[in-house]
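**Q** Okay, so here is start-v1.txt, and as you'll see once you scroll down, it has compact mmCIF, C-alpha atoms.
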```txt
# COMPACT_ATOMS: atom_id res chain seq x y z
CA MET A 1 -19.94 29.39 -19.10
CA THR A 2 -22.86 30.11 -21.43
CA SER A 3 -22.63 32.59 -24.28
CA VAL A 4 -25.20 34.79 -22.50
CA ASP A 5 -23.10 34.74 -19.34
CA LYS A 6 -20.00 35.68 -21.32
CA ALA A 7 -21.80 38.45 -23.21
CA GLN A 8 -23.04 39.95 -19.93
CA TRP A 9 -19.54 39.99 -18.45
CA ILE A 10 -18.11 41.62 -21.54
CA ASP A 11 -20.89 44.20 -21.45
CA VAL A 12 -20.13 45.01 -17.81
CA TYR A 13 -16.43 45.18 -18.68
CA ARG A 14 -17.11 47.71 -21.44
CA ARG A 15 -19.14 49.89 -19.08
CA LEU A 16 -16.69 49.86 -16.17
CA GLU A 17 -13.33 49.51 -17.90
CA LYS A 18 -12.77 53.25 -18.20
CA PRO A 19 -13.38 54.31 -14.56
CA LEU A 20 -11.42 51.28 -13.31
CA TYR A 21 -8.56 52.03 -15.68
CA ASN A 22 -8.44 55.67 -14.59
CA VAL A 23 -8.25 54.71 -10.93
CA VAL A 24 -5.63 51.99 -11.46
CA TYR A 25 -3.51 54.18 -13.75
CA ARG A 26 -3.14 56.77 -10.95
CA VAL A 27 -1.62 54.06 -8.74
CA ILE A 28 0.85 52.39 -11.10
CA TRP A 29 1.30 54.99 -13.86
CA ASP A 30 1.62 52.54 -16.71
CA ALA A 31 -1.05 52.15 -19.41
CA ALA A 32 -0.45 48.51 -20.38
CA GLU A 33 -0.04 47.38 -16.76
CA SER A 34 -3.17 49.27 -15.77
CA GLN A 35 -5.23 47.59 -18.47
CA ASP A 36 -3.87 44.21 -17.38
CA VAL A 37 -4.84 44.94 -13.78
CA VAL A 38 -8.36 45.90 -14.88
CA GLN A 39 -8.71 42.60 -16.75
CA GLU A 40 -7.27 40.62 -13.85
CA THR A 41 -9.79 42.35 -11.59
CA PHE A 42 -12.68 41.20 -13.75
CA LEU A 43 -11.30 37.67 -14.03
CA ARG A 44 -10.98 37.38 -10.26
CA CYS A 45 -14.54 38.54 -9.80
CA TRP A 46 -15.70 36.15 -12.53
CA ARG A 47 -14.12 33.24 -10.63
CA ARG A 48 -16.13 34.25 -7.57
CA LYS A 49 -19.31 35.04 -9.53
CA ASP A 50 -21.42 32.51 -7.64
CA ASP A 51 -20.70 34.23 -4.32
CA ILE A 52 -21.09 37.84 -5.43
CA ARG A 53 -24.20 39.87 -4.62
CA ALA A 54 -25.36 42.22 -7.38
CA ASP A 55 -25.57 45.23 -5.07
CA GLY A 56 -21.98 44.80 -3.89
CA PHE A 57 -20.45 44.09 -7.28
CA LYS A 58 -19.15 47.56 -8.09
CA ALA A 59 -17.62 47.97 -4.64
CA LEU A 60 -15.93 44.58 -4.96
CA LEU A 61 -14.53 45.46 -8.40
CA PHE A 62 -12.94 48.70 -7.25
CA ARG A 63 -11.61 47.21 -4.01
CA THR A 64 -10.05 44.32 -5.95
CA ALA A 65 -8.60 46.71 -8.52
CA LEU A 66 -7.03 48.92 -5.85
CA ASN A 67 -5.52 45.91 -4.07
CA LEU A 68 -4.07 44.50 -7.29
CA ALA A 69 -2.74 47.91 -8.31
CA SER A 70 -1.05 48.38 -4.92
CA ASN A 71 0.57 44.95 -5.26
CA ARG A 72 1.90 45.79 -8.72
CA ARG A 73 3.20 49.08 -7.45
CA ARG A 74 5.06 47.33 -4.62
CA SER A 75 6.50 44.85 -7.14
CA ALA A 76 7.68 47.69 -9.36
CA ARG A 77 9.35 49.38 -6.40
CA LEU A 78 11.08 46.13 -5.48
CA TRP A 79 12.48 45.80 -9.01
CA ARG A 80 13.66 49.37 -8.75
CA VAL A 81 15.47 48.52 -5.52
CA VAL A 82 17.22 45.54 -7.12
CA GLY A 83 18.44 47.72 -10.00
CA VAL A 84 16.14 47.61 -12.97
CA ASP A 85 15.08 51.23 -12.66
CA ALA A 86 16.07 51.85 -16.28
CA LEU A 87 13.37 49.43 -17.46
CA ASP A 88 10.87 51.00 -15.09
CA GLU A 89 11.56 54.48 -16.45
CA LEU A 90 11.23 53.20 -20.00
CA ALA A 91 7.80 51.77 -19.27
CA ASP A 92 6.79 54.86 -17.37
CA GLU A 93 7.62 57.45 -19.95
CA SER A 94 7.46 55.96 -23.42
CA VAL A 95 4.66 53.37 -23.18
CA SER A 96 2.29 55.58 -21.25
CA PRO A 97 0.29 57.70 -23.66
CA HIS A 98 -1.08 60.06 -20.99
CA ALA A 99 0.53 63.38 -20.23
CA ILE A 100 0.26 63.93 -16.50
CA SER A 101 3.23 65.88 -15.26
CA LYS A 102 5.73 64.23 -12.95
CA PRO A 103 5.22 66.75 -10.11
CA MET A 104 1.50 65.90 -10.15
CA ARG A 105 2.21 62.19 -10.09
CA ASP A 106 4.65 62.63 -7.23
CA ALA A 107 2.18 64.71 -5.26
CA LEU A 108 -0.51 62.03 -5.61
CA ASP A 109 1.97 59.22 -4.88
CA ARG A 110 3.08 60.86 -1.65
CA LEU A 111 -0.44 61.01 -0.22
CA PRO A 112 -1.22 58.40 2.44
CA ALA A 113 -2.64 55.37 0.58
CA GLU A 114 -5.96 55.51 2.47
CA TRP A 115 -6.48 59.15 1.46
CA ARG A 116 -5.33 58.56 -2.10
CA ASP A 117 -7.77 55.65 -2.57
CA VAL A 118 -10.69 57.75 -1.37
CA LEU A 119 -9.67 60.62 -3.65
CA LEU A 120 -9.37 58.36 -6.69
CA LEU A 121 -12.76 56.79 -6.08
CA THR A 122 -14.55 60.10 -5.49
CA GLU A 123 -12.95 61.87 -8.44
CA LEU A 124 -12.68 59.10 -11.03
CA ALA A 125 -14.92 56.11 -10.25
CA GLY A 126 -18.27 57.87 -10.32
CA MET A 127 -19.19 56.19 -7.05
CA THR A 128 -21.39 57.55 -4.27
CA TYR A 129 -20.07 57.96 -0.72
CA PRO A 130 -21.98 54.87 0.50
CA GLU A 131 -20.51 52.83 -2.37
CA ILE A 132 -16.99 54.04 -1.58
CA ALA A 133 -17.54 53.37 2.11
CA ALA A 134 -18.59 49.79 1.25
CA ALA A 135 -15.65 49.31 -1.12
CA LEU A 136 -13.06 50.48 1.40
CA GLY A 137 -14.75 49.17 4.54
CA ILE A 138 -14.95 52.58 6.22
CA ALA A 139 -17.73 54.86 7.47
CA GLU A 140 -19.42 57.27 5.06
CA GLY A 141 -18.30 60.23 7.14
CA THR A 142 -14.70 59.06 6.86
CA VAL A 143 -14.98 59.13 3.06
CA GLY A 144 -15.79 62.85 3.16
CA SER A 145 -13.13 63.77 5.71
CA ARG A 146 -10.39 61.82 3.91
CA ARG A 147 -11.33 63.42 0.59
CA THR A 148 -11.16 66.91 2.07
CA ARG A 149 -7.78 66.26 3.72
CA ALA A 150 -6.37 64.59 0.63
CA LEU A 151 -7.36 67.46 -1.65
CA ALA A 152 -5.98 70.04 0.78
CA LEU A 153 -2.64 68.24 1.08
CA LEU A 154 -2.45 67.72 -2.66
CA ARG A 155 -3.03 71.43 -3.40
CA GLU A 156 -0.57 72.45 -0.74
CA ARG A 157 2.19 70.31 -2.22
CA LEU A 158 1.44 71.37 -5.78
CA GLU A 159 1.46 75.04 -4.75
CA VAL A 160 4.83 74.60 -3.13
CA GLN A 161 6.10 73.18 -6.41
CA GLY A 162 4.38 75.95 -8.37
CA VAL A 163 2.19 73.51 -10.26
CA VAL A 164 -1.20 74.96 -9.26
CA SER A 165 -2.11 78.58 -8.77
CA HIS A 166 -3.22 80.02 -5.48
CA GLU A 167 -6.62 81.09 -6.77
CA TYR A 168 -7.72 77.46 -7.39
CA MET B 1 -2.81 74.58 -14.55
CA ASN B 2 -4.68 73.01 -11.60
CA THR B 3 -5.52 69.61 -10.14
CA ASP B 4 -8.16 69.04 -12.83
CA ALA B 5 -5.34 67.84 -15.06
CA LEU B 6 -4.58 65.14 -12.52
CA PHE B 7 -8.13 63.84 -12.63
CA LYS B 8 -8.92 64.26 -16.30
CA GLU B 9 -10.57 61.19 -17.82
CA LEU B 10 -8.09 59.05 -19.76
CA GLU B 11 -8.89 56.56 -22.51
CA PRO B 12 -7.68 53.01 -21.86
CA PRO B 13 -5.65 51.32 -24.63
CA PRO B 14 -7.91 49.92 -27.37
CA GLY B 15 -8.89 46.25 -27.60
CA GLY B 16 -9.37 45.72 -23.88
CA ALA B 17 -12.81 44.09 -24.15
CA GLU B 18 -11.63 41.73 -26.90
CA ARG B 19 -8.59 40.70 -24.89
CA PHE B 20 -10.79 40.22 -21.82
CA ALA B 21 -13.15 37.96 -23.81
CA GLN B 22 -10.15 35.92 -24.96
CA ARG B 23 -8.81 35.53 -21.40
CA LEU B 24 -12.29 34.59 -20.20
CA ASP B 25 -12.42 31.80 -22.80
CA GLU B 26 -8.93 30.57 -21.85
CA ILE B 27 -9.77 30.38 -18.16
CA ALA B 28 -13.19 28.82 -18.75
CA ALA B 29 -11.56 26.13 -20.90
CA GLU B 30 -9.02 25.08 -18.28
CA ARG B 31 -11.37 25.34 -15.31
CA PRO B 32 -14.02 22.61 -14.91
CA SER B 33 -17.45 24.02 -14.29
CA ARG B 34 -18.91 23.94 -10.80
CA ARG B 35 -21.57 21.50 -12.01
CA ALA B 36 -18.87 19.13 -13.29
CA ARG B 37 -16.97 19.35 -10.00
CA VAL B 38 -20.15 18.66 -8.00
CA PHE B 39 -20.96 15.71 -10.25
CA ALA B 40 -17.43 14.27 -9.87
CA LEU B 41 -17.64 14.67 -6.09
CA ALA B 42 -21.06 13.00 -5.96
CA ALA B 43 -19.84 10.13 -8.16
CA ALA B 44 -16.82 9.58 -5.90
CA ALA B 45 -19.03 9.60 -2.81
CA ALA B 46 -21.49 7.16 -4.39
CA GLY B 47 -18.61 4.86 -5.36
CA ALA B 48 -17.22 4.92 -1.83
CA ALA B 49 -20.69 4.21 -0.40
CA LEU B 50 -21.14 1.28 -2.80
CA VAL B 51 -17.78 -0.28 -1.87
CA THR B 52 -18.56 0.14 1.85
CA THR B 53 -21.98 -1.45 1.41
CA VAL B 54 -20.55 -4.42 -0.48
CA LEU B 55 -17.91 -4.96 2.19
CA LEU B 56 -20.48 -4.76 5.00
CA LEU B 57 -22.80 -7.20 3.23
CA ARG B 58 -20.02 -9.70 2.53
CA GLN B 59 -18.72 -9.75 6.09
CA PRO B 60 -21.70 -11.59 7.74
CA ASP B 61 -21.66 -14.28 5.01
CA ASP B 62 -18.04 -15.16 5.72
CA THR B 63 -18.70 -15.25 9.45
CA ALA B 64 -21.69 -17.52 8.97
CA GLN B 65 -19.63 -19.94 6.91
CA VAL B 66 -16.99 -20.09 9.63
CA GLN B 67 -19.63 -20.64 12.27
CA ILE B 68 -21.23 -23.44 10.30
CA ALA B 69 -17.85 -25.11 9.83
CA ASP B 70 -17.08 -24.79 13.53
CA ALA B 71 -20.46 -26.14 14.52
CA THR B 72 -19.90 -29.38 12.65
CA PRO B 73 -17.79 -31.66 14.96
CA SER B 74 -15.34 -34.07 13.47
CA VAL B 75 -16.21 -37.76 13.78
CA ASP B 76 -13.03 -38.47 15.76
CA LEU B 77 -13.88 -35.85 18.33
CA TYR B 78 -17.45 -37.04 18.57
CA ASN B 79 -16.39 -40.62 19.26
CA ALA B 80 -13.54 -39.78 21.59
CA PRO B 81 -13.80 -41.30 25.09
CA GLU B 82 -12.77 -37.94 26.51
CA LEU B 83 -16.06 -36.51 25.26
CA ASP B 84 -17.98 -39.32 26.93
CA ARG B 85 -16.24 -38.60 30.22
CA LEU B 86 -16.82 -34.88 29.79
CA LEU B 87 -20.53 -35.38 29.19
CA GLY B 88 -20.85 -38.05 31.88
CA ARG B 89 -21.79 -40.74 29.35
CA ALA B 90 -20.87 -44.38 29.81
CA THR B 91 -17.70 -45.26 27.98
CA PRO B 92 -18.30 -48.07 25.49
CA PRO B 93 -16.08 -51.07 26.01
CA ALA B 94 -12.96 -51.08 23.84
CA ASP B 95 -10.20 -53.58 23.22
CA LEU B 96 -6.94 -52.67 24.88
CA MET B 97 -4.07 -52.42 22.40
CA VAL B 98 -0.53 -52.36 23.84
CA SER B 99 2.71 -52.28 21.81
CA VAL B 100 6.22 -52.82 23.10
CA ASN B 101 9.11 -51.95 20.83
CA MET B 102 6.69 -51.44 17.96
CA GLN B 103 5.25 -54.95 18.44
CA ALA B 104 1.84 -55.88 19.79
CA ALA B 105 1.95 -57.33 23.30
CA ASN B 106 -0.56 -59.40 25.26
CA VAL B 107 -1.82 -57.98 28.52
CA THR B 108 -3.68 -59.43 31.41
CA GLU B 109 -5.96 -57.35 33.59
CA ILE B 110 -5.33 -57.64 37.30
CA GLU B 111 -8.31 -57.26 39.56
CA THR B 112 -8.53 -54.25 41.88
CA THR B 113 -10.95 -53.14 44.57
CA ASN B 114 -11.19 -49.62 43.19
CA GLN B 115 -13.47 -49.53 40.14
CA LYS B 116 -11.95 -46.32 38.87
CA VAL B 117 -8.50 -47.92 38.64
CA ARG B 118 -7.43 -50.59 36.18
CA ILE B 119 -4.09 -52.45 36.31
CA TYR B 120 -2.68 -54.47 33.46
CA GLN B 121 0.25 -56.86 33.34
CA ILE B 122 2.28 -57.12 30.14
CA ASN B 123 3.00 -60.74 29.29
```
Produce C-alpha cells that represent the structure in this file.
**A**
Amino acid sequence: MTSVDKAQWIDVYRRLEKPLYNVVYRVIWDAAESQDVVQETFLRCWRRKDDIRADGFKALLFRTALNLASNRRRSARLWRVVGVDALDELADESVSPHAISKPMRDALDRLPAEWRDVLLLTELAGMTYPEIAAALGIAEGTVGSRRTRALALLRERLEVQGVVSHEY
Amino acid sequence: MNTDALFKELEPPPGGAERFAQRLDEIAAERPSRRARVFALAAAAAGAALVTTVLLLRQPDDTAQVQIADATPSVDLYNAPELDRLLGRATPPADLMVSVNMQAANVTEIETTNQKVRIYQIN
C-alpha cells in the first residue's frame, strides 16, 4: 500500500464516516460498536479494492455496513437470550452519547428490515434513489414505495405511543 | 416532538479516522501485497517447470545407456553353439569333454547313419 493510496482511503473515510455512522447507529444503537462497524466496512472494501468499480463504491460501502450492522445486532440479541442483558443495557444507555428516546428506537426497530434499510438510506445517507436501489439490489420504484410505507408505519406507531403529534 | 429527532445527524466518536489509519497499517503489514503473491506463484510455477524439464531431459539419456548396454552381446553368448544353430551357421568343431564322478573320461564315437545324431561310448 502506497502512502498516496492510504491517504486517499483516509480521505474517503473522513467524508463518508458520518453518514455511515448515522445509518449503522440506528441499527445497533451503540456508539462505539457503530464506529467499529464503520471501520470494518472500510477495511473490507479496502481488501477488495482491486475489484471495486468507482461508480459502485458508495453503494457497496452502505450495503456492507448494513450487513455488518445486522450481524452485530443479531449477535447482541443472542447474548441477550443467553443472559447478559445487563451488559447490553449498560452499553446501550451509558456509552451511547446520543439522546434518541427509547420509544423512537423501538418504533424504528420494529419496522421490517427491508423498509428500515430504505428509510435509513433515504434519510441519513444522502444517497439518490438509483444509488439506494443499487445498494439494496431493488428497483428504484421499490425504494420510493418502501420509504412511504416505512414512514407511515413509523408515524402511526409513534402516534399511538404519543411520541409525535397528529399535525406532523 | 416528531420523527425529525429520530433522523437528526449525530456526530461519531472522535478519532475514528486515526484509528482507521492505524488498522489499515496493521492489516497491510500482515497481508502480503498482490504483487508479492503473484511473484511467489510465478516463482513456484517456474520452479516446477524447471524440475519437470530436467526430469524429461534426463529420461532419454538413461534409456539410451540401457539400450547401448543391451546391444553389446557378451562374448560367451556370441560364441555359443546355440547361436550358431539359431542363425544356421556351421558349428565349429570342438573337443568333447566328458566327466564321470568328477573325473575326465575317454569316449569313443560310434558311427551312425544319421548325420544329425552322434553316439559316444564311455571307456
**Q** Only residues of chain B matter here; which ones have an atom within 12 Å of chain A, counting only C-alpha atoms? Give them as JSON, numbers by chain.
**A** {"B": [1, 2, 3, 4, 5, 6, 7, 8, 9, 10, 11, 12, 13, 14, 15, 16, 17, 18, 19, 20, 21, 22, 23, 24, 25, 26, 27, 28, 29, 30, 31, 32, 33, 34, 35, 36]}
**Q** I'd like the interatomic distance between CA of Ala150 in chain A and CA of Leu121 in chain A, to a tenth of an Å.
**A**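 Taking CA of Ala150 in chain A and CA of Leu121 in chain A, their separation equals 12.1 Å.
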**Q** Using all atoms listed in the file, find the one residue out of A:Leu60, A:Cys45, A:Leu16, A:Ala69 that sits nearest to Ala133 in chain A.
**A** A:Leu60
**Q** Which residues are near Lys58 in chain A? Cut-off 10 Å, all atoms listed in the file, ignore same chain within fewer than 4 positions. Put them as a list of chain:residue names.
**A**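 Neighbouring residues, sequence-local ones excluded: A:Leu16, A:Arg53, A:Ala54, A:Phe62, A:Arg63, A:Thr64, A:Ala125, A:Met127, A:Glu131, A:Ile132, A:Ala134, A:Ala135.
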**Q** Could you tell me how far CA of Asn67 in chain A lies from CA of Thr122 in chain A, in Å and to one decimal?
**A**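 Between CA of Asn67 in chain A and CA of Thr122 in chain A the gap is 16.9 Å.
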**Q** Enter the distance from CA of Arg77 in chain A to CA of Ile28 in chain A, in Å, rounded to one decimal.
**A**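 Computing it gives 10.2 Å between the two atoms.
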**Q** Range 74-91 of chain B, all listed atoms, 6 Å padding on each side: what axis-aligned box centre and edge lengths in Å to one decimal come out, as JSON?
**A**
```
{"center_x": -17.3, "center_y": -39.7, "center_z": 22.7, "size_x": 21.0, "size_y": 23.2, "size_z": 30.4}
```
**Q** Hey, what's within 12 Å of range 88-104 of chain B if we count only C-alpha atoms and toss same-chain stuff fewer than 3 positions away? As a PyMOL selection string, please?
**A** chain B and resi 79-85+107-109+118-123
**Q** Please output range 12-32 of chain A, rebuilt to include N, CA and C atoms, as a PDB file, in the frame of the given file.
**A**
```pdb
ATOM      1  N   VAL A  12     -20.494  44.318 -19.064  1.00  0.00           N
ATOM      2  CA  VAL A  12     -20.130  45.010 -17.810  1.00  0.00           C
ATOM      3  C   VAL A  12     -18.696  45.541 -17.905  1.00  0.00           C
ATOM      4  N   TYR A  13     -17.820  44.744 -18.519  1.00  0.00           N
ATOM      5  CA  TYR A  13     -16.430  45.180 -18.680  1.00  0.00           C
ATOM      6  C   TYR A  13     -16.374  46.482 -19.484  1.00  0.00           C
ATOM      7  N   ARG A  14     -17.134  46.507 -20.578  1.00  0.00           N
ATOM      8  CA  ARG A  14     -17.110  47.710 -21.440  1.00  0.00           C
ATOM      9  C   ARG A  14     -17.591  48.935 -20.668  1.00  0.00           C
ATOM     10  N   ARG A  15     -18.576  48.742 -19.803  1.00  0.00           N
ATOM     11  CA  ARG A  15     -19.140  49.890 -19.080  1.00  0.00           C
ATOM     12  C   ARG A  15     -18.222  50.376 -17.963  1.00  0.00           C
ATOM     13  N   LEU A  16     -17.490  49.463 -17.348  1.00  0.00           N
ATOM     14  CA  LEU A  16     -16.690  49.860 -16.170  1.00  0.00           C
ATOM     15  C   LEU A  16     -15.189  49.901 -16.430  1.00  0.00           C
ATOM     16  N   GLU A  17     -14.773  49.533 -17.630  1.00  0.00           N
ATOM     17  CA  GLU A  17     -13.330  49.510 -17.900  1.00  0.00           C
ATOM     18  C   GLU A  17     -12.693  50.890 -17.695  1.00  0.00           C
ATOM     19  N   LYS A  18     -13.361  51.915 -18.218  1.00  0.00           N
ATOM     20  CA  LYS A  18     -12.770  53.250 -18.200  1.00  0.00           C
ATOM     21  C   LYS A  18     -12.574  53.794 -16.773  1.00  0.00           C
ATOM     22  N   PRO A  19     -13.621  53.806 -15.930  1.00  0.00           N
ATOM     23  CA  PRO A  19     -13.380  54.310 -14.560  1.00  0.00           C
ATOM     24  C   PRO A  19     -12.351  53.464 -13.799  1.00  0.00           C
ATOM     25  N   LEU A  20     -12.403  52.136 -13.993  1.00  0.00           N
ATOM     26  CA  LEU A  20     -11.420  51.280 -13.310  1.00  0.00           C
ATOM     27  C   LEU A  20     -10.007  51.599 -13.798  1.00  0.00           C
ATOM     28  N   TYR A  21      -9.872  51.737 -15.105  1.00  0.00           N
ATOM     29  CA  TYR A  21      -8.560  52.030 -15.680  1.00  0.00           C
ATOM     30  C   TYR A  21      -8.019  53.351 -15.130  1.00  0.00           C
ATOM     31  N   ASN A  22      -8.882  54.358 -15.066  1.00  0.00           N
ATOM     32  CA  ASN A  22      -8.440  55.670 -14.590  1.00  0.00           C
ATOM     33  C   ASN A  22      -7.974  55.632 -13.147  1.00  0.00           C
ATOM     34  N   VAL A  23      -8.665  54.839 -12.334  1.00  0.00           N
ATOM     35  CA  VAL A  23      -8.250  54.710 -10.930  1.00  0.00           C
ATOM     36  C   VAL A  23      -6.909  53.967 -10.849  1.00  0.00           C
ATOM     37  N   VAL A  24      -6.827  52.832 -11.540  1.00  0.00           N
ATOM     38  CA  VAL A  24      -5.630  51.990 -11.460  1.00  0.00           C
ATOM     39  C   VAL A  24      -4.407  52.727 -12.028  1.00  0.00           C
ATOM     40  N   TYR A  25      -4.633  53.469 -13.119  1.00  0.00           N
ATOM     41  CA  TYR A  25      -3.510  54.180 -13.750  1.00  0.00           C
ATOM     42  C   TYR A  25      -2.869  55.175 -12.776  1.00  0.00           C
ATOM     43  N   ARG A  26      -3.689  55.790 -11.908  1.00  0.00           N
ATOM     44  CA  ARG A  26      -3.140  56.770 -10.950  1.00  0.00           C
ATOM     45  C   ARG A  26      -2.375  56.102  -9.816  1.00  0.00           C
ATOM     46  N   VAL A  27      -2.397  54.770  -9.779  1.00  0.00           N
ATOM     47  CA  VAL A  27      -1.620  54.060  -8.740  1.00  0.00           C
ATOM     48  C   VAL A  27      -0.317  53.542  -9.327  1.00  0.00           C
ATOM     49  N   ILE A  28      -0.379  52.996 -10.568  1.00  0.00           N
ATOM     50  CA  ILE A  28       0.850  52.390 -11.100  1.00  0.00           C
ATOM     51  C   ILE A  28       1.470  53.143 -12.280  1.00  0.00           C
ATOM     52  N   TRP A  29       0.745  54.092 -12.835  1.00  0.00           N
ATOM     53  CA  TRP A  29       1.300  54.990 -13.860  1.00  0.00           C
ATOM     54  C   TRP A  29       1.878  54.254 -15.071  1.00  0.00           C
ATOM     55  N   ASP A  30       1.185  53.239 -15.503  1.00  0.00           N
ATOM     56  CA  ASP A  30       1.620  52.540 -16.710  1.00  0.00           C
ATOM     57  C   ASP A  30       0.357  52.030 -17.418  1.00  0.00           C
ATOM     58  N   ALA A  31       0.202  52.429 -18.692  1.00  0.00           N
ATOM     59  CA  ALA A  31      -1.050  52.150 -19.410  1.00  0.00           C
ATOM     60  C   ALA A  31      -1.288  50.645 -19.595  1.00  0.00           C
ATOM     61  N   ALA A  32      -0.277  49.940 -20.096  1.00  0.00           N
ATOM     62  CA  ALA A  32      -0.450  48.510 -20.380  1.00  0.00           C
ATOM     63  C   ALA A  32      -0.685  47.720 -19.077  1.00  0.00           C
TER      64      ALA A  32
END
```
